[in-house]
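Asks: There's a structure below that I have some questions on.
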Amino acid sequence: MAAGIYLHVPFCKQKCGYCDFYSQTQFDQIPAYLQTVRQEILSYRKQEIVADTLYFGGGTPSLLPAKEIESLIDLCRDVFSLEGEITLEANPESSSFSYLYDIRRAGVNRISFGAQSAISRELTLLGRIHSAKAIGDAVFAAKKAGFSNISLDIMLAIPLQTEKSLAETLSTFLAMEPTHFSAYLLKIEENTPFFQNHMERFCPDDDQAASLYLQTVSTLENAGYLQYEISNFSKPGFQSRHNLKYWSGEDYIGIGPAAHSAYGGKRFFHPSSLSQYMRSGGKNPLLEGDFGGEWERLMLSLRLTEGIDPDAFSFGDTLRKKAAPYLRAGFLTERNGKIAFTPKGFLLSNSILAVLLPDEK
Ligand code: SF4
C-alpha cells in the first residue's frame, strides 16, 4: 500500500499564544533547513517507497516561496514516485492570488487554511494576525487559482466564544463553500503563553465546550458536510486522504524537525529542534516503538465515524460486552456490524476507550 509523506515546515511570522506546535520565527534558517530536508528525502531513495499523498504542515508552510514548494514536490515525485493528494497548510494572510496560482501549478491540489474564527476579537485573543476578511479573500483567491479542494480549520472553546459567535463563524465559513472543515477543541498546553496567562478564565467551561462541539457537528452535517472523524467533516469524496492514513494505520513518513513517522512496523521521529535536525543532516530519527498493534489500531480506528468490526480483534467478544452499556446510553452506535462513537461519545472517547481496551496492554 502506498505511504503518505508529511513534511514539517517549522517557521511562523509570530507565535500564537495557544500554540504548542514546533515552529520558530527566525527566517534566516530557511535555506539551511531546505537543504537538510532535501538530504532527508534523498536518503529514502534506495528504499523504493511509493507515496500517494504529500502534506506540507507546520508551522506555516505558505511562508516558503512557491519555487521551493515546487522543487520539493518534484523531488518527492522523483524519490517516492509521488502521485495523488498534495496538501499545503496556509495562513490566510500569506495567501495572495499569485502565490496560490503558483503553488497550484506546482502540483498542490488541496489547500488547508488556518481560519479558526470569523470573529475579530477571538482572532486577536488567539494571537492570529489575519482578519475575518482575509479568510474570505484567501478562499476566493484559491478558487480563482484553480483549487477545488479547500479546507478550513475552526477552533472551538476559545476565549470569549459563545454559541452566538460560533454560529456566526460557522455561517460565515459555510458561505465560502469550502469542501472540508477541521474543528478542534482548544486544549491549553503547559508550555504556552495561554497557560502562563491563565487564559482558561476566558474560555468556555467543559459543559459549554461540549455544547459548542455538538453545535458544530449538527450545523456542518445539516449543511451537507459528513463527519468522518472526531474533528473532521467533508463534502462527499473530499475526506483528507493523507490524514485518513493516520487513523487507518497506514504507513507514513515524516520529514523535518518534530516530524513523526510510522513505517515498516516502527514509529520514529525527529526531535523538536531545528538546529539538531540540521546537525544530523536529517538522518537517524529516534525510535519511538512498534507500530500497528491491536490496541493502537482500535484507538486510531475508533476516531473514525466508520468505526470498527469487533471481530477483527482478538479480544472482540470482550469488546462487545464492554461496549454494550455505552451502546445503550447512546455514546456508541452499531451500523452494519461495526461499532462507532456518536458525536456525544466522541466527547468522552478517552475515558470510554480506557474501559474498552483490554486490561493487559
Ligand atoms: S500560525 Fe499555526 S503553527 Fe504558527 S504559531 Fe500560530 S497556530 Fe502555531
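Every chain in the C-alpha cells takes a letter, A first, then B, and so on in the order presented; its residues are numbered from 1, and the ligands are numbered from 1 following the presented order.
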Do you have, as a tab-separated table, the list of residues of chain A lying at most 6 Å from ligand 1, each with its nearest atom pair and that distance in Å to one decimal, counting only C-alpha atoms and all ligand atoms and ordered by chain then number?
Replies:
```
residue	atom	partner	partner_atom_place_in_ligand_line	distance
A:Cys12	CA	ligand 1	4 (Fe)	4.7
A:Lys15	CA	ligand 1	5 (S)	3.8
A:Cys16	CA	ligand 1	6 (Fe)	4.2
A:Cys19	CA	ligand 1	8 (Fe)	4.4
A:Phe21	CA	ligand 1	8 (Fe)	5.5
A:Gly58	CA	ligand 1	3 (S)	5.3
A:Gly59	CA	ligand 1	3 (S)	3.7
A:Thr60	CA	ligand 1	4 (Fe)	5.7
```
Asks: Sort by chain and increasing residue number a table of all residues of region 234-277 of chain A within 9 Å of region 173-187 of chain A, each with its closest pair of atoms and their distance in Å to one decimal, counting only C-alpha atoms, and write it as a Markdown table.
Replies:
```
| residue | atom | partner | partner_atom | distance |
| --- | --- | --- | --- | --- |
| A:Ser234 | CA | A:His180 | CA | 4.2 |
| A:Lys235 | CA | A:Thr179 | CA | 5.4 |
| A:Pro236 | CA | A:Thr179 | CA | 8.6 |
| A:Phe238 | CA | A:Thr179 | CA | 6.3 |
| A:Gln239 | CA | A:His180 | CA | 7.1 |
| A:Ser240 | CA | A:His180 | CA | 8.2 |
```
Asks: Tell me which protein, DNA and RNA residues are within 7 Å of Pro159 (chain A), counting only C-alpha atoms, leaving out same-chain ones fewer than 4 positions away, and put them as a list of chain:residue names.
Replies: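 The residues satisfying every condition are A:Glu122, A:Leu125, A:Phe202, A:Cys203.
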Asks: Need the shell around region 254-260 of chain A: protein/DNA/RNA residues with any atom at most 9 Å away, counting only C-alpha atoms. Skip same-chain ones fewer than 2 positions apart. Format as number ranges by chain?
Replies: A: 4-10, 21-22, 33, 36-37, 40-41, 252, 262, 267-278, 282, 285
Asks: May I ask which of the residues A:Gln26, A:Thr169, A:Ser81, A:Phe195 is the closest one to Gln47 (chain A), counting only C-alpha atoms?
Replies: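 Ranked by minimum distance to Gln47 (chain A), first place goes to A:Ser81.
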Asks: Can you list every residue in region 41-139 of chain A that DSSP puts in strand (DSSP E or B), as a PDB file with N, CA, C and O atoms, in the first residue's frame?
Replies:
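Dumped to part27.pdb:
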```
ATOM      1  N   ALA A  51       4.587   6.764  -2.700  1.00  0.00           N
ATOM      2  CA  ALA A  51       3.676   7.594  -1.891  1.00  0.00           C
ATOM      3  C   ALA A  51       2.537   8.119  -2.754  1.00  0.00           C
ATOM      4  O   ALA A  51       2.735   8.431  -3.931  1.00  0.00           O
ATOM      5  N   ASP A  52       1.341   8.192  -2.142  1.00  0.00           N
ATOM      6  CA  ASP A  52       0.225   8.788  -2.886  1.00  0.00           C
ATOM      7  C   ASP A  52      -0.363  10.014  -2.186  1.00  0.00           C
ATOM      8  O   ASP A  52      -1.403  10.525  -2.620  1.00  0.00           O
ATOM      9  N   THR A  53       0.290  10.473  -1.098  1.00  0.00           N
ATOM     10  CA  THR A  53      -0.096  11.767  -0.511  1.00  0.00           C
ATOM     11  C   THR A  53       1.164  12.475  -0.020  1.00  0.00           C
ATOM     12  O   THR A  53       2.128  11.833   0.399  1.00  0.00           O
ATOM     13  N   LEU A  54       1.116  13.799  -0.096  1.00  0.00           N
ATOM     14  CA  LEU A  54       2.183  14.643   0.473  1.00  0.00           C
ATOM     15  C   LEU A  54       1.469  15.765   1.209  1.00  0.00           C
ATOM     16  O   LEU A  54       0.521  16.362   0.672  1.00  0.00           O
ATOM     17  N   TYR A  55       1.895  16.019   2.448  1.00  0.00           N
ATOM     18  CA  TYR A  55       1.216  17.026   3.270  1.00  0.00           C
ATOM     19  C   TYR A  55       2.253  17.990   3.819  1.00  0.00           C
ATOM     20  O   TYR A  55       3.130  17.595   4.594  1.00  0.00           O
ATOM     21  N   PHE A  56       2.192  19.261   3.400  1.00  0.00           N
ATOM     22  CA  PHE A  56       3.056  20.293   3.960  1.00  0.00           C
ATOM     23  C   PHE A  56       2.355  20.860   5.197  1.00  0.00           C
ATOM     24  O   PHE A  56       1.340  21.555   5.068  1.00  0.00           O
ATOM     25  N   GLY A  57       2.886  20.547   6.407  1.00  0.00           N
ATOM     26  CA  GLY A  57       2.255  21.029   7.633  1.00  0.00           C
ATOM     27  C   GLY A  57       3.226  21.885   8.421  1.00  0.00           C
ATOM     28  O   GLY A  57       4.410  21.987   8.105  1.00  0.00           O
ATOM     29  N   GLY A  58       2.707  22.506   9.478  1.00  0.00           N
ATOM     30  CA  GLY A  58       3.631  23.391  10.190  1.00  0.00           C
ATOM     31  C   GLY A  58       3.181  23.748  11.581  1.00  0.00           C
ATOM     32  O   GLY A  58       2.381  23.035  12.173  1.00  0.00           O
ATOM     33  N   GLU A  85      -2.776  13.098  -3.726  1.00  0.00           N
ATOM     34  CA  GLU A  85      -3.213  14.301  -2.994  1.00  0.00           C
ATOM     35  C   GLU A  85      -1.991  15.053  -2.450  1.00  0.00           C
ATOM     36  O   GLU A  85      -1.165  14.486  -1.737  1.00  0.00           O
ATOM     37  N   ILE A  86      -1.899  16.336  -2.759  1.00  0.00           N
ATOM     38  CA  ILE A  86      -0.798  17.173  -2.231  1.00  0.00           C
ATOM     39  C   ILE A  86      -1.425  18.376  -1.527  1.00  0.00           C
ATOM     40  O   ILE A  86      -2.032  19.242  -2.157  1.00  0.00           O
ATOM     41  N   THR A  87      -1.309  18.373  -0.181  1.00  0.00           N
ATOM     42  CA  THR A  87      -1.950  19.415   0.641  1.00  0.00           C
ATOM     43  C   THR A  87      -0.908  20.394   1.145  1.00  0.00           C
ATOM     44  O   THR A  87       0.218  20.002   1.488  1.00  0.00           O
ATOM     45  N   LEU A  88      -1.299  21.655   1.235  1.00  0.00           N
ATOM     46  CA  LEU A  88      -0.430  22.645   1.871  1.00  0.00           C
ATOM     47  C   LEU A  88      -1.263  23.433   2.879  1.00  0.00           C
ATOM     48  O   LEU A  88      -2.339  23.931   2.546  1.00  0.00           O
ATOM     49  N   GLU A  89      -0.762  23.485   4.120  1.00  0.00           N
ATOM     50  CA  GLU A  89      -1.418  24.325   5.131  1.00  0.00           C
ATOM     51  C   GLU A  89      -0.994  25.760   4.871  1.00  0.00           C
ATOM     52  O   GLU A  89       0.190  26.039   4.665  1.00  0.00           O
ATOM     53  N   ALA A  90      -1.961  26.667   4.910  1.00  0.00           N
ATOM     54  CA  ALA A  90      -1.646  28.063   4.610  1.00  0.00           C
ATOM     55  C   ALA A  90      -2.365  28.970   5.596  1.00  0.00           C
ATOM     56  O   ALA A  90      -3.463  28.656   6.046  1.00  0.00           O
ATOM     57  N   ARG A 110      -4.653  20.527  -2.856  1.00  0.00           N
ATOM     58  CA  ARG A 110      -5.561  20.676  -1.714  1.00  0.00           C
ATOM     59  C   ARG A 110      -4.949  21.735  -0.807  1.00  0.00           C
ATOM     60  O   ARG A 110      -3.753  21.676  -0.513  1.00  0.00           O
ATOM     61  N   ILE A 111      -5.770  22.690  -0.357  1.00  0.00           N
ATOM     62  CA  ILE A 111      -5.233  23.753   0.489  1.00  0.00           C
ATOM     63  C   ILE A 111      -6.032  23.807   1.781  1.00  0.00           C
ATOM     64  O   ILE A 111      -7.253  23.641   1.776  1.00  0.00           O
ATOM     65  N   SER A 112      -5.320  23.960   2.884  1.00  0.00           N
ATOM     66  CA  SER A 112      -5.979  23.953   4.189  1.00  0.00           C
ATOM     67  C   SER A 112      -5.641  25.270   4.893  1.00  0.00           C
ATOM     68  O   SER A 112      -4.481  25.506   5.246  1.00  0.00           O
ATOM     69  N   PHE A 113      -6.650  26.120   5.060  1.00  0.00           N
ATOM     70  CA  PHE A 113      -6.417  27.433   5.665  1.00  0.00           C
ATOM     71  C   PHE A 113      -6.637  27.383   7.179  1.00  0.00           C
ATOM     72  O   PHE A 113      -7.682  26.885   7.650  1.00  0.00           O
ATOM     73  N   GLY A 114      -5.698  27.952   7.931  1.00  0.00           N
ATOM     74  CA  GLY A 114      -5.849  28.073   9.386  1.00  0.00           C
ATOM     75  C   GLY A 114      -6.769  29.237   9.703  1.00  0.00           C
ATOM     76  O   GLY A 114      -6.324  30.272  10.184  1.00  0.00           O
ATOM     77  N   ALA A 115      -8.052  29.072   9.420  1.00  0.00           N
ATOM     78  CA  ALA A 115      -9.010  30.186   9.545  1.00  0.00           C
ATOM     79  C   ALA A 115      -9.352  30.460  11.017  1.00  0.00           C
ATOM     80  O   ALA A 115      -9.326  31.590  11.475  1.00  0.00           O
ATOM     81  N   GLN A 116      -9.750  29.445  11.733  1.00  0.00           N
ATOM     82  CA  GLN A 116     -10.022  29.418  13.199  1.00  0.00           C
ATOM     83  C   GLN A 116     -11.316  30.093  13.627  1.00  0.00           C
ATOM     84  O   GLN A 116     -12.105  29.513  14.354  1.00  0.00           O
TER      85      GLN A 116
END
```
Asks: When you count only C-alpha atoms, which of these residues is closest to Gly264 (chain A): A:Ile30, A:Ser280, A:Asp290, A:Ser218?
Replies: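 Smallest distance to Gly264 (chain A) is found for A:Asp290.
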Asks: Give the helix (DSSP H, G or I) residues of region 77-306 of chain A, as DSSP finds them on the backbone, and put them as a VMD selection string.
Replies: chain A and resid 77 to 80 92 to 94 97 to 106 120 to 126 132 to 144 163 to 175 193 to 196 199 to 202 206 to 222 241 to 248 274 to 279 294 to 301
Asks: Ranking A:Leu214, A:Leu100, A:Ile129, A:Leu170 by minimum distance to Ala145 (chain A) and counting only C-alpha atoms, which one comes first?
Replies: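 Closest to Ala145 (chain A), using only C-alpha atoms: A:Leu100.
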Asks: Taking into account only C-alpha atoms, which residue in the set A:Ala312, A:Leu160, A:Leu126, A:Leu34 is nearest to Gln14 (chain A)?
Replies: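 Of A:Ala312, A:Leu160, A:Leu126, A:Leu34, the one nearest Gln14 (chain A) is A:Leu126, counting only C-alpha atoms.
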Asks: With a distance cut-off of 9 Å and only C-alpha atoms, select the neighbouring residues of Glu48 (chain A), excluding the residue or stretch itself and same-chain residues fewer than 2 positions from it, and output the selection as a list of chain:residue names.
Replies: A:Tyr44, A:Arg45, A:Lys46, A:Val50, A:Val79, A:Phe80, A:Ser81
Asks: Let's have the selection written as a PDB file, in the first residue's frame, with all heavy atoms.
Replies:
```
ATOM      1  N   TYR A  44      15.862   8.424   1.377  1.00  0.00           N
ATOM      2  CA  TYR A  44      14.891   7.327   1.218  1.00  0.00           C
ATOM      3  C   TYR A  44      14.940   6.687  -0.172  1.00  0.00           C
ATOM      4  O   TYR A  44      14.227   5.734  -0.438  1.00  0.00           O
ATOM      5  CB  TYR A  44      13.464   7.848   1.471  1.00  0.00           C
ATOM      6  CG  TYR A  44      13.161   8.020   2.949  1.00  0.00           C
ATOM      7  CD1 TYR A  44      13.206   9.275   3.546  1.00  0.00           C
ATOM      8  CD2 TYR A  44      12.832   6.930   3.739  1.00  0.00           C
ATOM      9  CE1 TYR A  44      12.936   9.429   4.895  1.00  0.00           C
ATOM     10  CE2 TYR A  44      12.561   7.074   5.090  1.00  0.00           C
ATOM     11  CZ  TYR A  44      12.615   8.327   5.661  1.00  0.00           C
ATOM     12  OH  TYR A  44      12.355   8.469   6.996  1.00  0.00           O
ATOM     13  N   ARG A  45      15.791   7.239  -1.042  1.00  0.00           N
ATOM     14  CA  ARG A  45      15.728   6.810  -2.449  1.00  0.00           C
ATOM     15  C   ARG A  45      15.857   5.303  -2.622  1.00  0.00           C
ATOM     16  O   ARG A  45      15.083   4.671  -3.345  1.00  0.00           O
ATOM     17  CB  ARG A  45      16.798   7.527  -3.261  1.00  0.00           C
ATOM     18  CG  ARG A  45      16.601   7.326  -4.753  1.00  0.00           C
ATOM     19  CD  ARG A  45      17.772   7.806  -5.555  1.00  0.00           C
ATOM     20  NE  ARG A  45      17.853   9.235  -5.760  1.00  0.00           N
ATOM     21  CZ  ARG A  45      17.101   9.934  -6.604  1.00  0.00           C
ATOM     22  NH1 ARG A  45      16.151   9.335  -7.289  1.00  0.00           N
ATOM     23  NH2 ARG A  45      17.266  11.223  -6.746  1.00  0.00           N
ATOM     24  N   LYS A  46      16.831   4.714  -1.903  1.00  0.00           N
ATOM     25  CA  LYS A  46      17.110   3.286  -2.133  1.00  0.00           C
ATOM     26  C   LYS A  46      15.967   2.383  -1.684  1.00  0.00           C
ATOM     27  O   LYS A  46      15.869   1.245  -2.088  1.00  0.00           O
ATOM     28  CB  LYS A  46      18.386   2.893  -1.387  1.00  0.00           C
ATOM     29  CG  LYS A  46      19.633   3.382  -2.084  1.00  0.00           C
ATOM     30  CD  LYS A  46      20.855   2.598  -1.631  1.00  0.00           C
ATOM     31  CE  LYS A  46      22.083   3.168  -2.312  1.00  0.00           C
ATOM     32  NZ  LYS A  46      23.088   3.610  -1.384  1.00  0.00           N
ATOM     33  N   VAL A  50       6.728   4.015  -2.395  1.00  0.00           N
ATOM     34  CA  VAL A  50       5.772   4.712  -3.264  1.00  0.00           C
ATOM     35  C   VAL A  50       4.799   5.491  -2.373  1.00  0.00           C
ATOM     36  O   VAL A  50       4.273   4.947  -1.404  1.00  0.00           O
ATOM     37  CB  VAL A  50       5.000   3.690  -4.140  1.00  0.00           C
ATOM     38  CG1 VAL A  50       3.884   4.375  -4.910  1.00  0.00           C
ATOM     39  CG2 VAL A  50       5.974   2.999  -5.085  1.00  0.00           C
ATOM     40  N   VAL A  79      11.690  10.716  -5.866  1.00  0.00           N
ATOM     41  CA  VAL A  79      12.140   9.724  -4.878  1.00  0.00           C
ATOM     42  C   VAL A  79      11.012   8.750  -4.495  1.00  0.00           C
ATOM     43  O   VAL A  79      11.258   7.556  -4.313  1.00  0.00           O
ATOM     44  CB  VAL A  79      12.686  10.443  -3.624  1.00  0.00           C
ATOM     45  CG1 VAL A  79      12.967   9.453  -2.501  1.00  0.00           C
ATOM     46  CG2 VAL A  79      13.947  11.216  -3.969  1.00  0.00           C
ATOM     47  N   PHE A  80       9.805   9.263  -4.346  1.00  0.00           N
ATOM     48  CA  PHE A  80       8.699   8.417  -3.855  1.00  0.00           C
ATOM     49  C   PHE A  80       7.679   8.087  -4.949  1.00  0.00           C
ATOM     50  O   PHE A  80       6.576   7.621  -4.628  1.00  0.00           O
ATOM     51  CB  PHE A  80       7.953   9.142  -2.714  1.00  0.00           C
ATOM     52  CG  PHE A  80       8.815   9.439  -1.510  1.00  0.00           C
ATOM     53  CD1 PHE A  80       9.094  10.752  -1.146  1.00  0.00           C
ATOM     54  CD2 PHE A  80       9.331   8.415  -0.733  1.00  0.00           C
ATOM     55  CE1 PHE A  80       9.876  11.037  -0.029  1.00  0.00           C
ATOM     56  CE2 PHE A  80      10.117   8.690   0.386  1.00  0.00           C
ATOM     57  CZ  PHE A  80      10.390  10.001   0.740  1.00  0.00           C
ATOM     58  N   SER A  81       8.008   8.351  -6.204  1.00  0.00           N
ATOM     59  CA  SER A  81       7.036   8.177  -7.302  1.00  0.00           C
ATOM     60  C   SER A  81       5.696   8.812  -6.922  1.00  0.00           C
ATOM     61  O   SER A  81       4.628   8.235  -7.181  1.00  0.00           O
ATOM     62  CB  SER A  81       6.815   6.695  -7.624  1.00  0.00           C
ATOM     63  OG  SER A  81       8.031   6.059  -7.817  1.00  0.00           O
TER      64      SER A  81
END
```
